[in-house]
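Below is model-v4.txt, holding compact mmCIF, C-alpha atoms.
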# COMPACT_ATOMS: atom_id res chain seq x y z
CA MET A 1 4.09 -3.41 24.57
CA ILE A 2 5.65 -1.57 21.64
CA PRO A 3 4.03 -2.92 18.44
CA VAL A 4 5.18 -2.35 14.87
CA THR A 5 2.30 0.11 14.41
CA LYS A 6 -0.76 1.56 16.10
CA THR A 7 -3.97 2.78 14.53
CA PHE A 8 -4.34 6.56 14.64
CA LEU A 9 -7.65 7.29 16.36
CA PRO A 10 -9.19 10.77 16.12
CA PRO A 11 -11.13 12.09 19.12
CA GLN A 12 -14.16 9.86 19.52
CA GLU A 13 -16.53 12.79 19.77
CA GLU A 14 -15.42 13.99 16.34
CA TYR A 15 -16.05 10.56 14.84
CA ASN A 16 -19.45 10.46 16.56
CA LEU A 17 -20.48 13.73 14.89
CA PHE A 18 -19.98 12.17 11.47
CA VAL A 19 -21.77 8.98 12.53
CA LYS A 20 -24.72 11.09 13.73
CA ARG A 21 -25.09 12.55 10.23
CA ALA A 22 -25.44 9.04 8.81
CA TRP A 23 -27.74 8.07 11.66
CA ASP A 24 -29.98 11.07 11.09
CA LYS A 25 -30.22 10.24 7.40
CA ALA A 26 -30.75 6.52 8.16
CA TRP A 27 -28.39 5.90 5.24
CA LEU A 28 -25.53 3.54 6.10
CA THR A 29 -24.31 2.30 2.71
CA ASN A 30 -24.82 2.66 -1.07
CA ARG A 31 -22.71 5.80 -1.44
CA GLY A 32 -24.25 8.12 1.11
CA GLU A 33 -23.30 11.75 1.65
CA LEU A 34 -20.30 10.92 3.88
CA THR A 35 -18.75 8.73 1.22
CA ILE A 36 -19.27 11.38 -1.46
CA GLU A 37 -17.82 14.06 0.82
CA LEU A 38 -14.77 11.94 1.62
CA GLU A 39 -14.13 11.19 -2.04
CA ASP A 40 -14.26 14.90 -2.86
CA LYS A 41 -11.81 15.74 -0.06
CA LEU A 42 -9.41 13.00 -1.12
CA LYS A 43 -9.49 14.00 -4.79
CA LYS A 44 -8.45 17.53 -3.88
CA HIS A 45 -5.86 16.44 -1.32
CA LEU A 46 -4.28 13.81 -3.55
CA GLU A 47 -4.59 15.87 -6.74
CA VAL A 48 -6.29 13.12 -8.74
CA SER A 49 -9.19 13.33 -11.16
CA ASN A 50 -11.06 10.11 -10.35
CA LEU A 51 -11.28 7.76 -7.40
CA ILE A 52 -13.71 5.31 -5.87
CA ILE A 53 -13.53 4.48 -2.17
CA THR A 54 -13.95 0.75 -1.57
CA ASN A 55 -14.59 -1.53 1.39
CA ASN A 56 -11.00 -2.82 1.48
CA GLY A 57 -7.73 -2.45 -0.37
CA THR A 58 -7.62 -5.86 -2.07
CA ILE A 59 -10.86 -5.82 -4.01
CA PRO A 60 -9.70 -2.90 -6.24
CA ILE A 61 -6.84 -5.13 -7.42
CA GLN A 62 -9.31 -7.93 -8.10
CA ILE A 63 -11.59 -5.62 -10.06
CA ALA A 64 -8.67 -4.36 -12.16
CA LEU A 65 -7.55 -7.93 -12.83
CA LYS A 66 -11.11 -8.90 -13.79
CA LEU A 67 -11.05 -6.13 -16.42
CA PHE A 68 -7.49 -6.51 -17.67
CA GLY A 69 -6.24 -9.97 -16.71
CA LYS A 70 -8.45 -12.02 -19.05
CA GLY A 71 -7.13 -15.26 -17.56
CA GLY A 72 -3.63 -14.55 -18.79
CA GLU A 73 -0.19 -14.18 -17.29
CA ILE A 74 0.40 -11.23 -14.98
CA ILE A 75 3.96 -10.04 -14.52
CA THR A 76 4.38 -9.14 -10.88
CA THR A 77 6.73 -8.74 -7.96
CA PRO A 78 7.55 -11.47 -5.43
CA PHE A 79 8.19 -8.81 -2.77
CA SER A 80 4.79 -7.55 -1.64
CA TYR A 81 2.01 -8.46 0.75
CA VAL A 82 0.36 -11.77 -0.10
CA ALA A 83 -2.80 -9.98 -1.33
CA THR A 84 -0.98 -8.96 -4.51
CA SER A 85 -0.29 -12.51 -5.66
CA ALA A 86 -3.44 -13.95 -4.11
CA ALA A 87 -5.61 -11.58 -6.15
CA ILE A 88 -3.95 -12.77 -9.36
CA VAL A 89 -4.59 -16.43 -8.59
CA TRP A 90 -8.10 -15.68 -7.25
CA GLU A 91 -9.01 -14.06 -10.56
CA ASN A 92 -7.85 -17.16 -12.47
CA CYS A 93 -4.70 -15.53 -13.84
CA THR A 94 -1.12 -16.75 -13.54
CA PRO A 95 1.51 -14.77 -11.64
CA VAL A 96 4.85 -14.52 -13.43
CA PHE A 97 7.45 -13.19 -11.03
CA VAL A 98 10.25 -10.76 -11.82
CA ASP A 99 12.95 -10.17 -9.22
CA ILE A 100 13.40 -6.87 -7.38
CA HIS A 101 15.93 -4.09 -7.20
CA PRO A 102 18.20 -4.69 -4.16
CA ASP A 103 18.03 -1.07 -2.96
CA TYR A 104 14.58 0.25 -3.94
CA LEU A 105 12.94 -3.19 -3.36
CA THR A 106 10.47 -2.56 -6.20
CA ILE A 107 10.17 -4.78 -9.28
CA ASP A 108 13.33 -4.62 -11.39
CA GLU A 109 12.08 -2.96 -14.56
CA THR A 110 15.16 -4.15 -16.50
CA LYS A 111 13.97 -7.76 -16.12
CA ILE A 112 10.34 -7.31 -17.15
CA GLU A 113 10.64 -7.67 -20.92
CA ALA A 114 12.36 -11.04 -20.64
CA ALA A 115 9.31 -12.36 -18.77
CA ILE A 116 6.75 -11.27 -21.40
CA THR A 117 5.10 -14.05 -23.44
CA PRO A 118 2.12 -14.15 -25.83
CA LYS A 119 -0.02 -14.97 -22.77
CA THR A 120 0.97 -11.83 -20.85
CA THR A 121 -1.94 -9.42 -20.39
CA ALA A 122 -0.81 -7.05 -17.63
CA ILE A 123 1.89 -5.90 -15.26
CA LEU A 124 0.96 -5.69 -11.57
CA ALA A 125 3.70 -3.93 -9.62
CA THR A 126 3.89 -2.72 -6.02
CA HIS A 127 5.18 0.62 -4.79
CA VAL A 128 6.97 -1.04 -1.89
CA PHE A 129 6.61 0.79 1.45
CA GLY A 130 5.42 3.78 -0.59
CA ASN A 131 8.62 3.76 -2.67
CA PRO A 132 7.61 4.22 -6.32
CA CYS A 133 8.45 1.73 -9.03
CA HIS A 134 10.32 2.99 -12.07
CA VAL A 135 6.95 4.04 -13.51
CA ILE A 136 8.37 5.76 -16.60
CA GLU A 137 10.24 2.69 -17.83
CA ILE A 138 7.35 0.37 -16.98
CA GLU A 139 5.00 2.57 -19.03
CA LYS A 140 7.36 2.35 -22.02
CA ILE A 141 7.48 -1.44 -21.78
CA ALA A 142 3.70 -1.70 -21.43
CA LYS A 143 3.05 0.48 -24.47
CA LYS A 144 5.59 -1.41 -26.55
CA HIS A 145 3.91 -4.75 -25.79
CA ASN A 146 0.29 -3.51 -25.53
CA LEU A 147 -0.03 -4.43 -21.87
CA LYS A 148 -2.10 -2.92 -19.06
CA VAL A 149 -0.39 -1.67 -15.89
CA ILE A 150 -1.91 -2.01 -12.43
CA TYR A 151 -0.14 -0.55 -9.42
CA ASP A 152 -0.62 -1.94 -5.95
CA ALA A 153 -0.09 1.36 -4.15
CA ALA A 154 -1.42 0.17 -0.80
CA HIS A 155 1.31 2.04 1.09
CA SER A 156 1.40 5.15 -1.07
CA PHE A 157 -1.13 7.62 0.33
CA GLY A 158 0.20 11.12 -0.36
CA VAL A 159 3.32 9.96 -2.22
CA LYS A 160 4.40 12.07 -5.19
CA TYR A 161 6.82 11.16 -7.96
CA ASN A 162 8.09 13.86 -10.32
CA ASN A 163 5.70 16.28 -8.57
CA GLN A 164 2.56 14.31 -9.29
CA SER A 165 0.54 11.82 -7.29
CA VAL A 166 1.84 8.29 -7.64
CA PHE A 167 -1.83 7.28 -8.07
CA THR A 168 -1.88 8.91 -11.52
CA PHE A 169 0.52 6.34 -13.01
CA GLY A 170 -0.57 3.13 -14.69
CA ASP A 171 -3.95 2.24 -16.13
CA VAL A 172 -5.28 1.60 -12.62
CA SER A 173 -3.80 2.31 -9.21
CA THR A 174 -5.08 1.04 -5.87
CA CYS A 175 -4.61 1.98 -2.23
CA SER A 176 -5.39 0.51 1.18
CA PHE A 177 -7.21 2.42 3.89
CA HIS A 178 -6.76 -0.38 6.42
CA ALA A 179 -6.58 0.61 10.09
CA THR A 180 -2.79 0.18 10.08
CA LYS A 181 -2.25 2.54 7.17
CA LEU A 182 -1.24 6.19 7.14
CA PHE A 183 -4.77 7.32 6.25
CA HIS A 184 -7.51 4.89 7.18
CA THR A 185 -11.23 4.25 7.28
CA GLY A 186 -10.94 1.36 9.74
CA GLU A 187 -11.07 -1.04 6.82
CA GLY A 188 -11.16 0.25 3.27
CA GLY A 189 -9.31 1.22 0.14
CA ALA A 190 -9.57 3.08 -3.12
CA ILE A 191 -9.17 2.65 -6.84
CA PHE A 192 -7.79 5.38 -9.12
CA CYS A 193 -7.98 5.79 -12.89
CA ASP A 194 -7.58 8.79 -15.19
CA ASP A 195 -9.16 7.27 -18.31
CA LYS A 196 -12.89 8.05 -18.34
CA GLU A 197 -14.01 4.87 -20.14
CA THR A 198 -12.00 2.60 -17.86
CA PHE A 199 -13.17 4.52 -14.80
CA HIS A 200 -16.78 3.96 -15.90
CA GLN A 201 -16.09 0.21 -16.01
CA LEU A 202 -14.45 0.30 -12.60
CA TYR A 203 -17.33 2.29 -11.16
CA TYR A 204 -20.09 -0.09 -12.19
CA SER A 205 -17.89 -3.09 -11.40
CA HIS A 206 -17.65 -2.03 -7.76
CA ASN A 207 -21.45 -1.88 -7.43
CA PHE A 208 -22.75 -5.17 -8.85
CA GLY A 209 -22.64 -3.74 -12.38
CA HIS A 210 -25.62 -1.47 -11.75
CA ASP A 211 -26.88 1.07 -14.27
CA GLY A 212 -29.60 2.53 -12.10
CA PRO A 213 -31.74 0.34 -9.84
CA LEU A 214 -33.06 -2.04 -12.51
CA ALA A 215 -30.52 -2.20 -15.34
CA PHE A 216 -26.90 -3.32 -15.55
CA HIS A 217 -23.86 -2.18 -17.49
CA GLY A 218 -22.19 -5.55 -16.96
CA LEU A 219 -20.67 -7.89 -14.40
CA GLY A 220 -19.91 -6.44 -10.99
CA ILE A 221 -19.21 -7.21 -7.36
CA ASN A 222 -19.91 -5.46 -4.05
CA ALA A 223 -16.93 -3.26 -3.19
CA LYS A 224 -18.90 -0.38 -1.66
CA ILE A 225 -17.73 1.26 1.54
CA SER A 226 -20.17 1.94 4.39
CA GLU A 227 -20.99 5.35 5.82
CA LEU A 228 -19.52 4.25 9.16
CA GLN A 229 -16.18 3.65 7.46
CA SER A 230 -16.40 6.95 5.61
CA ALA A 231 -17.15 8.66 8.93
CA MET A 232 -13.83 7.36 10.26
CA GLY A 233 -12.06 8.64 7.14
CA LEU A 234 -13.59 12.09 7.54
CA ALA A 235 -12.57 12.18 11.20
CA VAL A 236 -8.98 11.12 10.43
CA PHE A 237 -8.54 13.36 7.38
CA PRO A 238 -7.94 16.70 9.21
CA TYR A 239 -5.01 15.12 11.08
CA MET A 240 -3.00 14.06 8.04
CA ASP A 241 -0.38 16.82 8.34
CA HIS A 242 0.09 15.92 12.01
CA ILE A 243 0.35 12.21 11.22
CA ILE A 244 2.97 12.78 8.52
CA ALA A 245 5.00 15.14 10.72
CA GLU A 246 5.00 12.74 13.67
CA ARG A 247 6.05 9.81 11.51
CA LYS A 248 8.78 11.89 9.89
CA ASN A 249 10.19 12.59 13.35
CA VAL A 250 10.41 8.85 14.05
CA VAL A 251 12.06 8.17 10.69
CA ASP A 252 14.55 10.98 11.28
CA PHE A 253 15.43 9.49 14.67
CA TYR A 254 16.13 6.08 13.17
CA ASN A 255 18.12 7.67 10.34
CA GLU A 256 20.27 9.61 12.78
CA ASN A 257 20.87 6.86 15.34
CA LEU A 258 21.00 3.43 13.69
CA ASN A 259 24.40 2.05 12.73
CA PHE A 260 24.22 1.76 8.96
CA GLU A 261 27.55 0.03 8.81
CA THR A 262 25.71 -3.08 10.00
CA VAL A 263 22.16 -2.62 8.62
CA GLN A 264 20.77 -1.44 5.29
CA SER A 265 17.91 1.03 4.98
CA LEU A 266 15.39 1.51 2.19
CA LYS A 267 16.65 3.71 -0.64
CA ILE A 268 13.90 6.10 -1.72
CA ARG A 269 13.73 6.63 -5.46
CA GLU A 270 14.99 9.96 -6.69
CA ASN A 271 12.39 12.73 -7.25
CA THR A 272 10.03 11.17 -4.71
CA GLU A 273 8.06 12.96 -2.03
CA TRP A 274 7.74 10.08 0.41
CA ASN A 275 5.11 9.54 3.11
CA TYR A 276 7.06 7.83 5.95
CA SER A 277 4.78 4.82 5.81
CA TYR A 278 7.20 2.12 7.06
CA TYR A 279 10.74 1.84 8.37
CA PRO A 280 12.34 -1.38 7.10
CA VAL A 281 15.92 -2.39 7.89
CA ILE A 282 17.79 -5.22 6.19
CA PHE A 283 20.29 -7.25 8.22
CA SER A 284 23.38 -9.05 6.99
CA SER A 285 21.76 -12.47 7.49
CA GLU A 286 18.56 -14.11 8.70
CA ALA A 287 20.47 -15.33 11.76
CA VAL A 288 21.24 -11.75 12.76
CA LEU A 289 17.61 -10.74 12.16
CA LEU A 290 16.37 -13.53 14.42
CA LYS A 291 18.87 -12.55 17.13
CA VAL A 292 17.69 -8.92 16.97
CA GLN A 293 14.05 -9.98 16.95
CA ASP A 294 14.54 -12.12 20.07
CA ALA A 295 16.37 -9.31 21.87
CA LEU A 296 13.58 -6.85 21.05
CA ALA A 297 10.86 -9.31 22.08
CA ALA A 298 12.59 -9.75 25.44
CA GLU A 299 11.91 -6.02 25.98
CA ASN A 300 8.29 -6.34 24.81
CA ILE A 301 9.08 -4.74 21.43
CA PHE A 302 7.51 -6.37 18.38
CA PRO A 303 8.65 -5.33 14.90
CA ARG A 304 7.37 -7.31 11.90
CA ARG A 305 8.99 -9.46 9.26
CA TYR A 306 7.41 -7.64 6.35
CA PHE A 307 7.36 -8.79 3.59
CA TYR A 308 8.03 -12.42 4.39
CA PRO A 309 8.15 -14.91 2.81
CA SER A 310 8.99 -14.06 -0.80
CA LEU A 311 5.73 -14.67 -2.66
CA ASN A 312 7.27 -16.93 -5.32
CA THR A 313 7.83 -19.51 -2.55
CA ILE A 314 4.15 -19.81 -1.58
CA GLU A 315 2.65 -23.15 -2.60
CA TYR A 316 -0.17 -21.85 -4.79
CA THR A 317 2.04 -19.49 -6.81
CA LYS A 318 4.70 -22.07 -7.78
CA GLY A 319 7.10 -19.38 -8.95
CA ASP A 320 10.66 -19.64 -10.18
CA ALA A 321 13.55 -18.79 -7.86
CA MET A 322 13.91 -15.06 -7.17
CA PRO A 323 17.33 -14.76 -5.49
CA ILE A 324 17.20 -11.08 -4.52
CA SER A 325 13.62 -11.12 -3.24
CA GLU A 326 14.17 -14.34 -1.29
CA SER A 327 17.34 -12.96 0.27
CA VAL A 328 15.79 -9.61 1.22
CA ALA A 329 12.60 -11.24 2.53
CA SER A 330 14.64 -13.43 4.88
CA ARG A 331 16.58 -10.45 6.28
CA ILE A 332 14.11 -7.54 6.47
CA LEU A 333 12.36 -6.22 9.55
CA CYS A 334 9.95 -3.27 9.82
CA LEU A 335 10.58 -1.28 12.99
CA PRO A 336 7.91 0.33 15.20
CA LEU A 337 6.60 3.51 13.57
CA TYR A 338 3.46 5.32 14.65
CA VAL A 339 2.12 8.58 16.07
CA GLY A 340 2.83 8.85 19.78
CA ILE A 341 5.74 6.45 20.14
CA ALA A 342 7.99 7.73 22.93
CA GLU A 343 11.55 8.84 22.21
CA THR A 344 12.72 6.68 25.12
CA ASP A 345 11.24 3.67 23.33
CA LEU A 346 12.99 4.65 20.12
CA GLU A 347 16.25 4.94 22.02
CA LYS A 348 15.78 1.44 23.43
CA ILE A 349 15.02 -0.01 19.99
CA VAL A 350 18.10 1.59 18.44
CA GLN A 351 20.37 0.53 21.30
CA ILE A 352 19.27 -3.09 21.02
CA ILE A 353 19.70 -3.20 17.25
CA ASN A 354 23.09 -1.50 17.31
CA LYS A 355 24.33 -3.80 20.07
CA GLN A 356 23.07 -7.03 18.49
CA THR A 357 24.51 -6.20 15.05
CA LEU A 358 28.06 -5.32 16.16
Please express the file's structure as structure tokens.
Amino acid sequence: MIPVTKTFLPPQEEYNLFVKRAWDKAWLTNRGELTIELEDKLKKHLEVSNLIITNNGTIPIQIALKLFGKGGEIITTPFSYVATSAAIVWENCTPVFVDIHPDYLTIDETKIEAAITPKTTAILATHVFGNPCHVIEIEKIAKKHNLKVIYDAAHSFGVKYNNQSVFTFGDVSTCSFHATKLFHTGEGGAIFCDDKETFHQLYYSHNFGHDGPLAFHGLGINAKISELQSAMGLAVFPYMDHIIAERKNVVDFYNENLNFETVQSLKIRENTEWNYSYYPVIFSSEAVLLKVQDALAAENIFPRRYFYPSLNTIEYTKGDAMPISESVASRILCLPLYVGIAETDLEKIVQIINKQTL
């Protein structure tokens, strides 16, 4: 079987060495030495000043919404994983959708201001497939209207925009370290924030609000990562250059061999150092997508309809029509992309797609 992705697994003996350190300390959670070490390595690698590793990639969005949402309206994108919208509703806020750019697939910044009302408290935008939003224009809009900006940067590990980490934009940025992601801790995530006061709030919020063992700064939840997860992160971390290089090779193969007269690829925003996190293609119609998907499945190849459906169409969001997002969501397919995929498999995938889209 050729899946859409495979988890990168470091040599098990290397993972076991990190686990042994936690075992010897008998310290498996509550920010042990492995977690602290991993945070330090990631801060240097990603060139950020502050980060907190968390137990998944969704809870950082929830924490940010708890601080900034205040039960108001959150301007957001309909083209993202369901966690983005679900977090808004879960935190008793209201998602207000703004359609997407047809090439970059990120929220269309030119349509944001028209969606702002007196109830708007924040903008929650997604760097889609690691492709940055128009962060400069969004910042201008947010400042003009006194709004907070949260970025769902789940796919954006290592991405740079204008020569700086994409995690440095917005009031808060989040990332996923899920097993399917570029860098992973099995299950996990991170929250980023440059402002010291806000970071202090985020920090105590991720640990039940604790101020020492007996006092509390305020309301909090349990978002702490375990030492076993951090051990996986430390074992994966040395392989990041290899992972990026291997994925770039796959992306280059698709770029060189797919017929782009019949399919559309993702346009990466100018001045972006991308991370090769996903390879989406957009077909001329949903009917063509389904035909390609069936032909691939017949050869035991399983891409993913990602993101689908457009989030404004989900029952609990009750969003207005978003023509571009709905159209793209019905026609987009993420192709297999992972370390170790054989070139013969890539050739088969490309041949099937090119043949079925003629």
- Note on the structure: note - CA of Ser173 (chain A) and CA of Leu202 (chain A) are separated by 11.4 Å
- Item | Å distance separating CA of Lys224 (chain A) from CA of Ile61 (chain A), one decimal place | 14.2 Å
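All protein and nucleic acid residues in the vicinity of (-7.1, 6.4, -7.6), that is within 9 Å when counting only C-alpha atoms, are Lys43, Leu46, Val48, Ser49, Asn50, Leu51, Ile52, Ile53, Phe167, Thr168, Val172, Ser173, Thr174, Cys175, Ala190, Ile191, Phe192, Cys193 and Asp194 of chain A.
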- Message: Need the shell around Ser277 (chain A): protein/DNA/RNA residues with any atom at most 7 Å away, counting only C-alpha atoms. Skip same-chain ones fewer than 6 positions apart. Format as a list in words?
- Response: Phe129, Gly130, His155 and Leu182 of chain A
- Item | Contacts of Ser176 (chain A) within 7 Å, all atoms listed in the file, excl. fewer than 5 positions in-chain, as JSON, numbers by chain | {"A": [56, 57, 154, 155, 188, 189, 190]}
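Minimum atom-to-atom distances from A:His127, A:Lys111, A:His206, A:Lys196 to Lys66 (chain A) were compared using all atoms listed in the file, and the lowest value belongs to A:His206.
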